[in-house]
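Data first, discussion second: the structure below is written as structure tokens.
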Amino acid sequence: MRILNVLLPLLAVLNLSSSSYLYGQENGESDTPSPDFDSELANAGPTVINSYNKNFGVAARAGFIVGTVPGGGIDLFYTPNKSWQLGLQFQSGSISFNETEGFVEAYAELEATNILFAARYFVWNSLNLTLLTGFRKLEWDIKASTLLGDSTIQITGDVTSTVLGLSLGNTWRFENGFFIGGDWIGYLVPLSSDDNTKTVTTGSTDEDLIEISEENKKLAEDLSKIATVQLLMFNIGWIF
């Protein structure tokens, strides 16, 4: 039983490339935000990290954490001065596929987790660049069975990589400590990886087992080397 058609969508998800989405901000001279939220956002002055004498923050985050895998997470950070913001990001998400071809029904799921140290530098106004380093874990579970139920195959695996990356975004802050923003596009490049794979079959021939095991190992090798994008990672939070 071949399940190559089930493996391919996983690679397609991670290989997806996309153009950058940048969101600009108009310059303003007012130091005091207006009561109207839209007016505040449009006329916000240059972001000064320590302007409100607040150093710690927390934010909720959501977007595409690995390729087109949607997910969310939380950021915790500290601002030592007006130019830098240092923090820890935790992100997780998953995507799944279902496919029926002939007499074979297949299911595949890919889970992604990022634990990243983030050093954010404010280049100008709200525009910032973030240097990322940490760990990326990809886990998959693929099952295929005949509709008659006399043959089943399940392959699982995971790849844990140390990564280095960069992202570009904007952050808008207000006097009361509330802020919104996003990292519009980022890139994570694996530096080193460890992988594990497992194949379990029922009613398959030895030839099928060897072929499926090789496909699973090949998938792990590909995922251990692939660089992944992050897209439209919106965040909203509070600085205190």
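In the structure tokens, each chain is lettered A, B, ... as it comes, each chain's residues begin at 1, and ligands are numbered from 1 in order of appearance.
Residues lying within 7 Å of range 223-234 of chain A, counting only C-alpha atoms and ignoring same-chain neighbours fewer than 4 positions away, are A:Leu14, A:Arg61, A:Ala62, A:Gly63, A:Phe64, A:Ile65, A:Val66, A:Gly67, A:Val159, A:Ser161, A:Gly181, A:Gly182, A:Asp183, A:Trp184, A:Ile185, A:Gly186, A:Tyr187, A:Leu188, A:Val189, A:Pro190, A:Ser193, A:Leu219.
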Those same residues - C-alpha atoms - I'd like them written as a short mmCIF file (atom, residue, chain, number, x, y, z; two decimals), in the first residue's frame.
```
data_model
loop_
_atom_site.label_atom_id
_atom_site.label_comp_id
_atom_site.auth_asym_id
_atom_site.auth_seq_id
_atom_site.Cartn_x
_atom_site.Cartn_y
_atom_site.Cartn_z
CA LEU A 14 6.06 23.69 4.86
CA ARG A 61 -0.20 35.81 19.60
CA ALA A 62 -1.89 34.17 16.61
CA GLY A 63 -0.94 33.55 12.98
CA PHE A 64 0.83 31.04 10.77
CA ILE A 65 3.61 29.71 12.96
CA VAL A 66 5.23 27.30 10.46
CA GLY A 67 4.44 27.69 6.77
CA VAL A 159 11.93 16.35 14.31
CA SER A 161 15.63 21.46 15.56
CA GLY A 181 1.13 44.84 16.48
CA GLY A 182 2.39 41.97 14.42
CA ASP A 183 5.37 40.21 12.91
CA TRP A 184 4.36 40.22 9.27
CA ILE A 185 6.96 37.86 7.92
CA GLY A 186 9.74 35.80 9.50
CA TYR A 187 12.07 32.95 8.65
CA LEU A 188 13.38 30.07 10.79
CA VAL A 189 16.47 28.19 9.58
CA PRO A 190 17.45 24.89 11.28
CA SER A 193 18.15 18.47 14.19
CA LEU A 219 10.07 12.69 5.39
#
```
Can you check which parts of range 150-182 of chain A lie within 7 Å of range 122-132 of chain A? Per residue, the shortest pair of atoms and distance in Å to one decimal, counting only C-alpha atoms, sorted by chain and number, as a tab-separated table.
```
residue	atom	partner	partner_atom	distance
A:Leu164	CA	A:Leu132	CA	5.7
A:Gly165	CA	A:Leu132	CA	4.7
A:Leu166	CA	A:Leu131	CA	4.8
A:Ser167	CA	A:Thr130	CA	5.2
A:Leu168	CA	A:Leu129	CA	4.8
A:Gly169	CA	A:Asn128	CA	5.5
A:Asn170	CA	A:Leu127	CA	4.6
A:Thr171	CA	A:Ser126	CA	5.1
A:Trp172	CA	A:Ser126	CA	5.9
```
Please produce, as JSON lines, a per-residue contact table for range 98-149 of chain A versus range 214-218 of chain A (criterion: any atom at most 12 Å away, only C-alpha atoms considered), showing the nearest atom pair and its distance in Å to one decimal, sorted by chain then residue number.
```
{"residue": "A:Glu139", "atom": "CA", "partner": "A:Asn216", "partner_atom": "CA", "distance": 11.9}
{"residue": "A:Trp140", "atom": "CA", "partner": "A:Asn216", "partner_atom": "CA", "distance": 9.9}
{"residue": "A:Asp141", "atom": "CA", "partner": "A:Asn216", "partner_atom": "CA", "distance": 10.4}
{"residue": "A:Ile142", "atom": "CA", "partner": "A:Asn216", "partner_atom": "CA", "distance": 9.6}
{"residue": "A:Lys143", "atom": "CA", "partner": "A:Asn216", "partner_atom": "CA", "distance": 11.9}
```
Those residues with N, CA and C atoms, as a PDB file, in the first residue's frame please?
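Okay, this is what ended up in selection02.pdb:
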```pdb
ATOM      1  N   GLU A 139       5.867  17.350  14.488  1.00  0.00           N
ATOM      2  CA  GLU A 139       5.410  15.986  14.738  1.00  0.00           C
ATOM      3  C   GLU A 139       4.326  15.626  13.732  1.00  0.00           C
ATOM      4  N   TRP A 140       4.333  14.399  13.232  1.00  0.00           N
ATOM      5  CA  TRP A 140       3.314  13.986  12.287  1.00  0.00           C
ATOM      6  C   TRP A 140       2.786  12.599  12.637  1.00  0.00           C
ATOM      7  N   ASP A 141       1.534  12.392  12.263  1.00  0.00           N
ATOM      8  CA  ASP A 141       0.850  11.127  12.486  1.00  0.00           C
ATOM      9  C   ASP A 141       0.038  10.839  11.224  1.00  0.00           C
ATOM     10  N   ILE A 142       0.383   9.776  10.517  1.00  0.00           N
ATOM     11  CA  ILE A 142      -0.269   9.435   9.251  1.00  0.00           C
ATOM     12  C   ILE A 142      -0.835   8.022   9.353  1.00  0.00           C
ATOM     13  N   LYS A 143      -2.132   7.893   9.064  1.00  0.00           N
ATOM     14  CA  LYS A 143      -2.800   6.597   9.122  1.00  0.00           C
ATOM     15  C   LYS A 143      -3.484   6.327   7.780  1.00  0.00           C
TER      16      LYS A 143
END
```
Legend entry - Phe77 in chain A environment, 7 Å, only C-alpha atoms, sequence neighbours closer than 3 positions dropped, as a PyMOL selection string: chain A and resi 56-58+85-88
Would you mind exporting C-alpha atoms of the selected residues as a CSV table (one decimal), in the first residue's frame?
```
chain,number,residue,atom,x,y,z
A,56,PHE,CA,7.4,44.1,31.6
A,57,GLY,CA,4.8,42.8,29.2
A,58,VAL,CA,2.7,39.9,28.1
A,85,GLN,CA,12.7,44.3,23.9
A,86,LEU,CA,13.8,40.9,25.1
A,87,GLY,CA,11.4,38.1,25.4
A,88,LEU,CA,10.3,34.4,25.3
```
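CA of Val163 in chain A lies 24.1 Å from CA of Ser96 in chain A.
Taking CA of Ser92 in chain A and CA of Ile212 in chain A as the two end points, the separation is 27.8 Å.
Across A:Asn235, A:Ser192, A:Ser213, A:Thr100, the tightest approach to Phe178 in chain A is made by A:Asn235 when counting only C-alpha atoms.
Shell of Thr113 in chain A at 8 Å, with only C-alpha atoms counted and residues fewer than 6 places along the chain excluded, is A:Phe90, A:Gln91, A:Ser92, A:Gly93, A:Arg136, A:Lys137, A:Leu138.
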Name all residues at most 6 Å from range 194-197 of chain A (count only C-alpha atoms; drop same-chain ones fewer than 2 positions away) and give them as a PDB file with N, CA and C atoms, in the first residue's frame.
```pdb
ATOM      1  N   THR A 156       4.462   7.443  12.369  1.00  0.00           N
ATOM      2  CA  THR A 156       4.606   8.633  13.204  1.00  0.00           C
ATOM      3  C   THR A 156       6.057   9.064  13.202  1.00  0.00           C
ATOM      4  N   GLY A 157       6.290  10.306  13.545  1.00  0.00           N
ATOM      5  CA  GLY A 157       7.649  10.809  13.618  1.00  0.00           C
ATOM      6  C   GLY A 157       7.700  12.199  14.202  1.00  0.00           C
ATOM      7  N   ASP A 158       8.877  12.615  14.571  1.00  0.00           N
ATOM      8  CA  ASP A 158       9.068  13.976  15.055  1.00  0.00           C
ATOM      9  C   ASP A 158      10.486  14.424  14.753  1.00  0.00           C
ATOM     10  N   VAL A 159      10.621  15.724  14.557  1.00  0.00           N
ATOM     11  CA  VAL A 159      11.926  16.349  14.310  1.00  0.00           C
ATOM     12  C   VAL A 159      12.051  17.558  15.228  1.00  0.00           C
ATOM     13  N   THR A 160      13.075  17.583  16.038  1.00  0.00           N
ATOM     14  CA  THR A 160      13.357  18.728  16.907  1.00  0.00           C
ATOM     15  C   THR A 160      14.622  19.420  16.413  1.00  0.00           C
TER      16      THR A 160
END
```
Legend entry - Residue among A:Ala119, A:Leu110, A:Leu191, A:Val104 lying closest to Ser151 in chain A, counting only C-alpha atoms: A:Val104
Inset, instruction - Any chance you could list, as a ChimeraX atom specification, the residues in range 33-163 of chain A that come up strand (DSSP E or B) when DSSP is run on the backbone? - result: /A:56-66,69-78,84-101,104-124,127-146,152-163
Inset, instruction - Can you work out which one of A:Pro80, A:Phe117, A:Ser145, A:Val69 has the shortest atom-to-atom distance to Glu105 in chain A, counting only C-alpha atoms? - result: A:Ser145
Inset, instruction - Identify which of the residues A:Asn55, A:Asn114, A:Gln154, A:Thr199 lies closest to Gln89 in chain A, counting only C-alpha atoms when measuring atom-to-atom distances. - result: A:Asn114
